[in-house]
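Novice: Here's a structure for you.
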Amino acid sequence: MNATESSPHIQPTPQPSPLHVNDLPYDVFHLIFSICYQTSKGKIPFPVLASHVCRLWRQHALSTPSFWTNLEFRKKKPHFERYHVWLERANGAPYDMVIDRRPFQKESVKHTKETIRLIIPNIATLRTLVVKRVPHKILRIIFDRLANMSAPQLQKLTVKSSRRTSWSSEGTPSKWKFKPFIQGEAPSLRELNLDGINPSYTINRFKNLQHVRLKWSGVFGGLNATAHDHVRSVQELLTILPNLKYILMSDTIYHEDWDDSDDLHLLSTPLPPPLTHTNLTHIAIGASAPHANAIIASLVLPELKFAINWQQNELLVGVSFYAWEVAVVGLAGDLIREIISIWGIWKQRWVV
């Protein structure tokens, strides 16, 4: 027998009792909850799931207002009653709302009214509003109701029009003007994303924007826009928004027709004087190569980190390729004229 086993003085080492997750310090427990909330992708929202585990978990979930601030209307039958309860639990915390097209595929005015009844009483704490591809009629109802409202905490506004209606290049033109909060205020708005929406009546309202994405068939002036029109459109936008850091401007109608070889005749177009913008760090241009180069050549951007075109190719900054191409075209023209002149003189001598 082993001496250790036979010794009467050695006691067995006591095993530590298992710790329950509920015994964790509150800060650690709250951190775990927050990570689960941010990474959860299940069918049941994590706050709902956590609040039905036990009394302690429910207490933690209900005492965390940020758990109840993500409202998404993506199903055919939206959970309006649930979201009314969520906003009560949010207790005034800023909330985010995503409105997708599925609840309104049949242009359900009933669902639209329910959505507005949810937004209007809580407009003061709205932080993010995303409206995607809803029917044009529904889009009008929502933003016409918001025209007279103020959203003091709104930081991000994203609107994508339906492909079959509104200003989309594939749809029927609309005379309706998109004017969110035209009679109210949204002083905290920093990010504006418009897809298929005419931004002409919107940009002037929000002078403190830092992030702007505009995808529209008329963003550079329309079908026959020249290089001068492209440059002027970008310069006017940058002049209005001195705090802008990121800009994407893309013409949604041209992609299949952007053949660089057909645009060389535009290179001789006179451009506006260069514009300096001291805060812009990122620029993305959805236009043909000559027009994109013209835009870059017309800007002085000391803080710029990168510039790309619609194909995600980097645009070289610091070298005016537009001016270089103009010079090449001019030299080529002079060379051709010289060759023609020499040929004429030689031909005259040969005839004589």
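Following the order of the structure tokens, chains are lettered A, B, ..., residues in each are numbered from 1, and ligands are numbered from 1.
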Tell me, as a PyMOL selection string, which residues lie within 12 Å of stretch 114-124 of chain A, counting only C-alpha atoms; anything in the same chain fewer than 5 positions away does not count.
Specialist: chain A and resi 69+71-73+77-88+90-100+103-104+108-109+129+131+138-139+141-155+181+184-188
Novice: If DSSP is run on the backbone, what residues of stretch 113-301 of chain A are strand (DSSP E)? A reply as a PyMOL selection string would be ideal.
Specialist: chain A and resi 126-132+156-160+191-195+211-215+246-250+275-276+282-286+299-300
Novice: As number ranges by chain, which residues of stretch 47-291 of chain A does DSSP assign to alpha helix (DSSP H)?
Specialist: A: 47-50, 55-62, 80-90, 109-119, 136-146, 227-240, 289-291
Novice: List the neighbours of stretch 23-36 of chain A out to 9 Å using only C-alpha atoms; skip same-chain residues closer than 5 positions along the sequence, and give me the result as JSON, numbers by chain.
Specialist: {"A": [46, 47, 50, 60, 61, 64, 67]}
Novice: Would you mind exporting the chosen residues as a PDB file, in the first residue's frame, restricted to N, CA, C and O atoms?
Specialist:
ATOM      1  N   PHE A  46     -32.609  38.764 -28.065  1.00  0.00           N
ATOM      2  CA  PHE A  46     -31.942  38.388 -26.811  1.00  0.00           C
ATOM      3  C   PHE A  46     -32.618  38.980 -25.574  1.00  0.00           C
ATOM      4  O   PHE A  46     -32.769  38.280 -24.570  1.00  0.00           O
ATOM      5  N   PRO A  47     -33.038  40.245 -25.576  1.00  0.00           N
ATOM      6  CA  PRO A  47     -33.692  40.765 -24.363  1.00  0.00           C
ATOM      7  C   PRO A  47     -34.935  39.962 -23.977  1.00  0.00           C
ATOM      8  O   PRO A  47     -35.190  39.737 -22.791  1.00  0.00           O
ATOM      9  N   ALA A  50     -33.661  36.570 -22.603  1.00  0.00           N
ATOM     10  CA  ALA A  50     -33.044  36.691 -21.280  1.00  0.00           C
ATOM     11  C   ALA A  50     -34.068  36.993 -20.198  1.00  0.00           C
ATOM     12  O   ALA A  50     -33.941  36.527 -19.058  1.00  0.00           O
ATOM     13  N   HIS A  60     -32.345  42.034 -14.545  1.00  0.00           N
ATOM     14  CA  HIS A  60     -31.228  42.650 -15.252  1.00  0.00           C
ATOM     15  C   HIS A  60     -31.668  43.171 -16.616  1.00  0.00           C
ATOM     16  O   HIS A  60     -31.292  44.273 -17.038  1.00  0.00           O
ATOM     17  N   ALA A  61     -32.434  42.382 -17.353  1.00  0.00           N
ATOM     18  CA  ALA A  61     -32.870  42.779 -18.696  1.00  0.00           C
ATOM     19  C   ALA A  61     -33.757  44.025 -18.645  1.00  0.00           C
ATOM     20  O   ALA A  61     -33.585  44.959 -19.438  1.00  0.00           O
ATOM     21  N   THR A  64     -32.036  47.428 -18.035  1.00  0.00           N
ATOM     22  CA  THR A  64     -31.068  47.894 -19.037  1.00  0.00           C
ATOM     23  C   THR A  64     -31.846  48.505 -20.200  1.00  0.00           C
ATOM     24  O   THR A  64     -32.269  47.804 -21.123  1.00  0.00           O
ATOM     25  N   PHE A  67     -31.343  47.675 -24.084  1.00  0.00           N
ATOM     26  CA  PHE A  67     -31.760  46.400 -24.660  1.00  0.00           C
ATOM     27  C   PHE A  67     -33.049  46.522 -25.470  1.00  0.00           C
ATOM     28  O   PHE A  67     -33.349  45.667 -26.298  1.00  0.00           O
TER      29      PHE A  67
END
Novice: List every residue of stretch 89-199 of chain A that has an atom at most 10 Å from any atom of stretch 204-222 of chain A, giving for each one its closest atom pair and the distance in Å to one decimal, counting only C-alpha atoms, sorted by chain and then by ascending residue number, as JSON lines.
Specialist:
{"residue": "A:Gln155", "atom": "CA", "partner": "A:Leu209", "partner_atom": "CA", "distance": 9.2}
{"residue": "A:Lys156", "atom": "CA", "partner": "A:His211", "partner_atom": "CA", "distance": 9.2}
{"residue": "A:Leu157", "atom": "CA", "partner": "A:Val212", "partner_atom": "CA", "distance": 9.9}
{"residue": "A:Thr158", "atom": "CA", "partner": "A:Arg213", "partner_atom": "CA", "distance": 9.1}
{"residue": "A:Lys160", "atom": "CA", "partner": "A:Lys215", "partner_atom": "CA", "distance": 9.2}
{"residue": "A:Trp167", "atom": "CA", "partner": "A:Trp216", "partner_atom": "CA", "distance": 7.6}
{"residue": "A:Ser168", "atom": "CA", "partner": "A:Trp216", "partner_atom": "CA", "distance": 7.1}
{"residue": "A:Ser169", "atom": "CA", "partner": "A:Ser217", "partner_atom": "CA", "distance": 6.0}
{"residue": "A:Glu170", "atom": "CA", "partner": "A:Ser217", "partner_atom": "CA", "distance": 9.8}
{"residue": "A:Lys179", "atom": "CA", "partner": "A:Arg205", "partner_atom": "CA", "distance": 8.9}
{"residue": "A:Pro180", "atom": "CA", "partner": "A:Arg205", "partner_atom": "CA", "distance": 8.9}
{"residue": "A:Phe181", "atom": "CA", "partner": "A:Arg205", "partner_atom": "CA", "distance": 8.6}
{"residue": "A:Ile182", "atom": "CA", "partner": "A:Arg205", "partner_atom": "CA", "distance": 7.5}
{"residue": "A:Gly184", "atom": "CA", "partner": "A:Arg205", "partner_atom": "CA", "distance": 10.0}
{"residue": "A:Glu185", "atom": "CA", "partner": "A:Arg205", "partner_atom": "CA", "distance": 8.5}
{"residue": "A:Ala186", "atom": "CA", "partner": "A:Phe206", "partner_atom": "CA", "distance": 7.5}
{"residue": "A:Pro187", "atom": "CA", "partner": "A:Phe206", "partner_atom": "CA", "distance": 7.3}
{"residue": "A:Ser188", "atom": "CA", "partner": "A:Asn208", "partner_atom": "CA", "distance": 7.8}
{"residue": "A:Leu189", "atom": "CA", "partner": "A:Leu209", "partner_atom": "CA", "distance": 6.3}
{"residue": "A:Arg190", "atom": "CA", "partner": "A:Leu209", "partner_atom": "CA", "distance": 4.3}
{"residue": "A:Glu191", "atom": "CA", "partner": "A:His211", "partner_atom": "CA", "distance": 4.6}
{"residue": "A:Leu192", "atom": "CA", "partner": "A:Val212", "partner_atom": "CA", "distance": 5.0}
{"residue": "A:Asn193", "atom": "CA", "partner": "A:Arg213", "partner_atom": "CA", "distance": 4.6}
{"residue": "A:Leu194", "atom": "CA", "partner": "A:Leu214", "partner_atom": "CA", "distance": 5.1}
{"residue": "A:Asp195", "atom": "CA", "partner": "A:Lys215", "partner_atom": "CA", "distance": 4.7}
{"residue": "A:Gly196", "atom": "CA", "partner": "A:Trp216", "partner_atom": "CA", "distance": 4.7}
{"residue": "A:Ile197", "atom": "CA", "partner": "A:Trp216", "partner_atom": "CA", "distance": 6.2}
{"residue": "A:Asn198", "atom": "CA", "partner": "A:Trp216", "partner_atom": "CA", "distance": 6.7}
{"residue": "A:Pro199", "atom": "CA", "partner": "A:Leu214", "partner_atom": "CA", "distance": 7.5}
Novice: What does the distance between atom CA of A:Phe178 and atom CA of A:Thr202 come to in Å, to one decimal place?
Specialist: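 It comes out at 7.1 Å.
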Novice: Please compute the atom CA of A:Ala227-atom CA of A:His291 distance, one decimal, in Å.
Specialist: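 Separation of atom CA of A:Ala227 and atom CA of A:His291: 5.3 Å.
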